[in-house]
Amino acid sequence: MVPIPAFDSQGVLPVGNLFGEHDSLFVYRGHDATLAEVEDRFVTHYPQSATRAKLFSELEQLVTVAQTHFSQFNVGVSGTFVSNDVDPTELFMFIEVLGAQVDQLSGHSTWLVFRLFDDCEWTLTAGEEVSVTTALVRSYPEDHSDYLLYSAERMLQFYMASYFDSARGPSGYLEVFMFPEGVNDTVEERPAS
């Protein structure tokens, strides 16, 4: 796996590879990472931070909830959390999951997943006020009736992740791929998007 790249002169990750264009918006892929790499790079390297550990804890908790409902998904992570700010105040994350897994949810699982992941935002106090914003992105195959609807949503989330910190211009974000136990999560085996 390629390591998370260094920050650019603006203190953010460089944009990833061009993913596509949608309505004249350039959409970029994230940089592959594991949760351990995210923690090492954005928490461990900032022991003086009052907010990074709390934001990462929120990320871990949300991933744990997602793991109880989805067998395979990826998490896009952006906001000032993935910048060189010592005390970032924003974590934006989206969970990208196969639409069929969302369609199979029922009862309390449906309520919980949409309550936590479908365009939600909350504020925490961790030395200072910080915000966590989440989004749920469903991915369907091209021959599915909902493909066009959700492919536009998916592109929009990738776009938003790249431009979350508009004061600094386009920036990179991270993609953390989550696989069922026993599946080797090397880049070569990751699902194509």
# chains A, B, ... in the order shown; residues from 1 in each chain; ligands from 1
>>> residues_around(residues="segment 74-79 of chain A", least_positions_apart="3", cutoff="7 Å", atoms="only C-alpha atoms", output="PyMOL selection string")
chain A and resi 82+90-97+161+164-165+173-178
>>> residues_around(residues="segment 40-45 of chain A", least_positions_apart="3", cutoff="12 Å", atoms="only C-alpha atoms", output="ChimeraX atom specification")
/A:3-7,12-13,33-37,48-57,59,77-88,91,174
>>> write_last_selection(atoms="N, CA and C atoms", output="compact mmCIF listing (two decimals), in the first residue's frame")
# COMPACT_ATOMS: atom_id res chain seq x y z
N PRO A 3 1.97 4.86 1.09
CA PRO A 3 1.73 5.63 2.31
C PRO A 3 0.90 6.88 2.04
N ILE A 4 0.26 7.37 3.09
CA ILE A 4 -0.50 8.62 2.98
C ILE A 4 0.49 9.71 2.57
N PRO A 5 0.20 10.50 1.55
CA PRO A 5 1.17 11.49 1.08
C PRO A 5 1.39 12.63 2.08
N ALA A 6 2.49 13.34 1.88
CA ALA A 6 2.81 14.50 2.72
C ALA A 6 1.83 15.64 2.43
N PHE A 7 1.72 16.56 3.37
CA PHE A 7 0.87 17.73 3.17
C PHE A 7 1.49 18.63 2.11
N VAL A 12 -2.60 20.73 3.61
CA VAL A 12 -3.62 19.70 3.36
C VAL A 12 -3.02 18.60 2.49
N LEU A 13 -3.73 17.50 2.40
CA LEU A 13 -3.29 16.42 1.52
C LEU A 13 -3.47 16.85 0.07
N ALA A 33 -5.97 4.24 2.85
CA ALA A 33 -5.39 4.17 4.18
C ALA A 33 -6.15 3.14 5.00
N THR A 34 -5.52 2.66 6.04
CA THR A 34 -6.18 1.80 7.01
C THR A 34 -6.50 2.67 8.23
N LEU A 35 -7.37 2.19 9.09
CA LEU A 35 -7.66 2.95 10.32
C LEU A 35 -6.40 3.13 11.15
N ALA A 36 -5.55 2.11 11.19
CA ALA A 36 -4.29 2.21 11.95
C ALA A 36 -3.40 3.32 11.38
N GLU A 37 -3.34 3.43 10.05
CA GLU A 37 -2.55 4.49 9.43
C GLU A 37 -3.14 5.86 9.72
N GLN A 48 0.04 16.80 21.31
CA GLN A 48 -0.38 18.04 21.96
C GLN A 48 -1.80 18.45 21.59
N SER A 49 -2.43 17.74 20.66
CA SER A 49 -3.76 18.13 20.18
C SER A 49 -4.85 17.84 21.22
N ALA A 50 -5.73 18.81 21.38
CA ALA A 50 -6.87 18.64 22.28
C ALA A 50 -8.07 18.02 21.57
N THR A 51 -8.06 17.95 20.23
CA THR A 51 -9.25 17.50 19.51
C THR A 51 -9.07 16.23 18.68
N ARG A 52 -7.86 15.94 18.25
CA ARG A 52 -7.65 14.82 17.32
C ARG A 52 -8.09 13.47 17.88
N ALA A 53 -7.75 13.16 19.11
CA ALA A 53 -8.12 11.87 19.69
C ALA A 53 -9.64 11.72 19.77
N LYS A 54 -10.33 12.80 20.12
CA LYS A 54 -11.79 12.75 20.22
C LYS A 54 -12.41 12.54 18.84
N LEU A 55 -11.94 13.26 17.83
CA LEU A 55 -12.47 13.08 16.48
C LEU A 55 -12.21 11.67 15.97
N PHE A 56 -11.02 11.15 16.24
CA PHE A 56 -10.70 9.79 15.79
C PHE A 56 -11.58 8.77 16.52
N SER A 57 -11.84 9.00 17.79
CA SER A 57 -12.72 8.12 18.56
C SER A 57 -14.12 8.08 17.93
N LEU A 59 -14.79 8.63 14.76
CA LEU A 59 -14.62 7.87 13.52
C LEU A 59 -14.64 6.37 13.81
N VAL A 77 -12.76 10.08 4.49
CA VAL A 77 -12.46 10.92 5.65
C VAL A 77 -11.81 12.21 5.17
N SER A 78 -12.42 13.36 5.52
CA SER A 78 -11.83 14.64 5.16
C SER A 78 -12.14 15.66 6.24
N GLY A 79 -12.03 16.92 5.89
CA GLY A 79 -12.19 17.98 6.86
C GLY A 79 -10.83 18.39 7.41
N THR A 80 -10.82 19.30 8.35
CA THR A 80 -9.54 19.76 8.90
C THR A 80 -8.83 18.65 9.68
N PHE A 81 -9.54 17.56 10.00
CA PHE A 81 -8.92 16.41 10.65
C PHE A 81 -7.75 15.87 9.82
N VAL A 82 -7.87 15.89 8.50
CA VAL A 82 -6.79 15.36 7.65
C VAL A 82 -5.91 16.49 7.11
N SER A 83 -5.76 17.54 7.90
CA SER A 83 -4.84 18.64 7.57
C SER A 83 -3.74 18.66 8.62
N ASN A 84 -2.87 19.66 8.53
CA ASN A 84 -1.81 19.77 9.54
C ASN A 84 -2.21 20.67 10.72
N ASP A 85 -3.48 21.03 10.82
CA ASP A 85 -3.95 21.80 11.98
C ASP A 85 -3.71 20.98 13.25
N VAL A 86 -3.11 21.59 14.26
CA VAL A 86 -2.86 20.88 15.51
C VAL A 86 -4.18 20.48 16.17
N ASP A 87 -5.14 21.40 16.19
CA ASP A 87 -6.44 21.13 16.79
C ASP A 87 -7.55 21.30 15.75
N PRO A 88 -7.73 20.28 14.90
CA PRO A 88 -8.75 20.39 13.86
C PRO A 88 -10.14 20.47 14.50
N LEU A 91 -14.54 16.96 11.16
CA LEU A 91 -14.36 15.63 10.59
C LEU A 91 -15.56 15.39 9.70
N LEU A 174 -9.05 10.81 2.56
CA LEU A 174 -8.65 9.42 2.74
C LEU A 174 -9.82 8.49 2.44
>>> residues_around(residues="Gln101 of chain A", least_positions_apart="4", cutoff="9 Å", atoms="only C-alpha atoms", output="number ranges by chain")
A: 69-72, 97, 105, 138
>>> atom_distance(atom1="atom CA of Arg29 of chain A", atom2="atom CA of Gly172 of chain A")
8.0 Å
>>> closest_residue(among="A:Phe114, A:Tyr150, A:Val130, A:Thr68", to="Gly99 of chain A", atoms="only C-alpha atoms")
A:Tyr150
>>> atom_distance(atom1="atom CA of Ala135 of chain A", atom2="atom CA of Tyr46 of chain A")
26.6 Å
>>> closest_residue(among="A:Thr133, A:Ser139, A:Val38, A:Asp8", to="Glu60 of chain A", atoms="only C-alpha atoms")
A:Val38
>>> atom_distance(atom1="atom CA of Thr123 of chain A", atom2="atom CA of Ala66 of chain A")
20.3 Å
>>> closest_residue(among="A:Val15, A:Val137, A:Val63, A:Val2", to="Ala100 of chain A", atoms="only C-alpha atoms")
A:Val137
>>> select_by_dssp(residues="segment 29-175 of chain A", states="helix (DSSP H, G or I)", output="PyMOL selection string")
chain A and resi 35-44+52-69+80-82+99-103+107-117+147-162+166-168
>>> write_last_selection(atoms="C-alpha atoms", output="PDB file, in the first residue's frame")
ATOM      1  CA  LEU A  35      -7.659   2.945  10.317  1.00  0.00           C
ATOM      2  CA  ALA A  36      -4.293   2.212  11.955  1.00  0.00           C
ATOM      3  CA  GLU A  37      -2.546   4.488   9.427  1.00  0.00           C
ATOM      4  CA  VAL A  38      -5.111   7.236  10.014  1.00  0.00           C
ATOM      5  CA  GLU A  39      -4.577   7.014  13.764  1.00  0.00           C
ATOM      6  CA  ASP A  40      -0.786   7.004  13.421  1.00  0.00           C
ATOM      7  CA  ARG A  41      -0.618   9.931  11.013  1.00  0.00           C
ATOM      8  CA  PHE A  42      -3.400  12.149  12.365  1.00  0.00           C
ATOM      9  CA  VAL A  43      -3.517  11.345  16.097  1.00  0.00           C
ATOM     10  CA  THR A  44      -0.230   9.834  17.300  1.00  0.00           C
ATOM     11  CA  ARG A  52      -7.652  14.820  17.319  1.00  0.00           C
ATOM     12  CA  ALA A  53      -8.121  11.867  19.688  1.00  0.00           C
ATOM     13  CA  LYS A  54     -11.794  12.753  20.223  1.00  0.00           C
ATOM     14  CA  LEU A  55     -12.474  13.082  16.480  1.00  0.00           C
ATOM     15  CA  PHE A  56     -10.701   9.786  15.790  1.00  0.00           C
ATOM     16  CA  SER A  57     -12.725   8.117  18.556  1.00  0.00           C
ATOM     17  CA  GLU A  58     -15.919   9.282  16.808  1.00  0.00           C
ATOM     18  CA  LEU A  59     -14.615   7.873  13.523  1.00  0.00           C
ATOM     19  CA  GLU A  60     -13.825   4.512  15.161  1.00  0.00           C
ATOM     20  CA  GLN A  61     -17.244   4.318  16.809  1.00  0.00           C
ATOM     21  CA  LEU A  62     -19.036   5.033  13.547  1.00  0.00           C
ATOM     22  CA  VAL A  63     -16.944   2.416  11.728  1.00  0.00           C
ATOM     23  CA  THR A  64     -17.799  -0.109  14.462  1.00  0.00           C
ATOM     24  CA  VAL A  65     -21.524   0.584  14.024  1.00  0.00           C
ATOM     25  CA  ALA A  66     -21.189   0.271  10.236  1.00  0.00           C
ATOM     26  CA  GLN A  67     -19.374  -3.062  10.645  1.00  0.00           C
ATOM     27  CA  THR A  68     -22.375  -4.487  12.493  1.00  0.00           C
ATOM     28  CA  HIS A  69     -24.655  -3.680   9.538  1.00  0.00           C
ATOM     29  CA  THR A  80      -9.537  19.757   8.900  1.00  0.00           C
ATOM     30  CA  PHE A  81      -8.915  16.411  10.654  1.00  0.00           C
ATOM     31  CA  VAL A  82      -6.793  15.364   7.648  1.00  0.00           C
ATOM     32  CA  GLY A  99     -26.869  -0.377  -2.317  1.00  0.00           C
ATOM     33  CA  ALA A 100     -28.054  -3.973  -1.946  1.00  0.00           C
ATOM     34  CA  GLN A 101     -26.707  -4.009   1.632  1.00  0.00           C
ATOM     35  CA  VAL A 102     -28.705  -0.857   2.451  1.00  0.00           C
ATOM     36  CA  ASP A 103     -31.816  -2.254   0.736  1.00  0.00           C
ATOM     37  CA  GLY A 107     -36.511  -2.347  11.446  1.00  0.00           C
ATOM     38  CA  HIS A 108     -34.190  -0.787  13.999  1.00  0.00           C
ATOM     39  CA  SER A 109     -31.124  -1.312  11.757  1.00  0.00           C
ATOM     40  CA  THR A 110     -32.640   0.906   9.071  1.00  0.00           C
ATOM     41  CA  TRP A 111     -33.450   3.643  11.580  1.00  0.00           C
ATOM     42  CA  LEU A 112     -29.993   3.489  13.195  1.00  0.00           C
ATOM     43  CA  VAL A 113     -28.030   3.522   9.936  1.00  0.00           C
ATOM     44  CA  PHE A 114     -29.963   6.460   8.509  1.00  0.00           C
ATOM     45  CA  ARG A 115     -29.903   8.318  11.833  1.00  0.00           C
ATOM     46  CA  LEU A 116     -26.103   8.059  12.109  1.00  0.00           C
ATOM     47  CA  PHE A 117     -24.974   8.198   8.501  1.00  0.00           C
ATOM     48  CA  TYR A 147     -27.750   3.493 -10.656  1.00  0.00           C
ATOM     49  CA  LEU A 148     -28.137   6.970 -12.169  1.00  0.00           C
ATOM     50  CA  LEU A 149     -29.728   8.449  -9.065  1.00  0.00           C
ATOM     51  CA  TYR A 150     -27.072   7.196  -6.678  1.00  0.00           C
ATOM     52  CA  SER A 151     -24.064   7.563  -8.993  1.00  0.00           C
ATOM     53  CA  ALA A 152     -24.691  11.323  -8.998  1.00  0.00           C
ATOM     54  CA  GLU A 153     -24.926  11.272  -5.187  1.00  0.00           C
ATOM     55  CA  ARG A 154     -21.683   9.311  -5.016  1.00  0.00           C
ATOM     56  CA  MET A 155     -19.857  11.787  -7.252  1.00  0.00           C
ATOM     57  CA  LEU A 156     -21.180  14.663  -5.157  1.00  0.00           C
ATOM     58  CA  GLN A 157     -19.791  13.120  -1.944  1.00  0.00           C
ATOM     59  CA  PHE A 158     -16.380  12.596  -3.568  1.00  0.00           C
ATOM     60  CA  TYR A 159     -16.495  16.207  -4.738  1.00  0.00           C
ATOM     61  CA  MET A 160     -17.486  17.506  -1.301  1.00  0.00           C
ATOM     62  CA  ALA A 161     -14.691  15.517   0.332  1.00  0.00           C
ATOM     63  CA  SER A 162     -12.161  17.125  -2.018  1.00  0.00           C
ATOM     64  CA  SER A 166     -12.822  25.719   0.703  1.00  0.00           C
ATOM     65  CA  ALA A 167     -10.490  28.354   2.187  1.00  0.00           C
ATOM     66  CA  ARG A 168      -7.507  26.237   1.150  1.00  0.00           C
TER      67      ARG A 168
END
>>> closest_residue(among="A:Ser9, A:Leu98, A:Ser171, A:Ser131", to="His144 of chain A", atoms="only C-alpha atoms")
A:Leu98
>>> closest_residue(among="A:Pro170, A:Gln104, A:Pro14, A:Thr89", to="Val132 of chain A", atoms="only C-alpha atoms")
A:Thr89
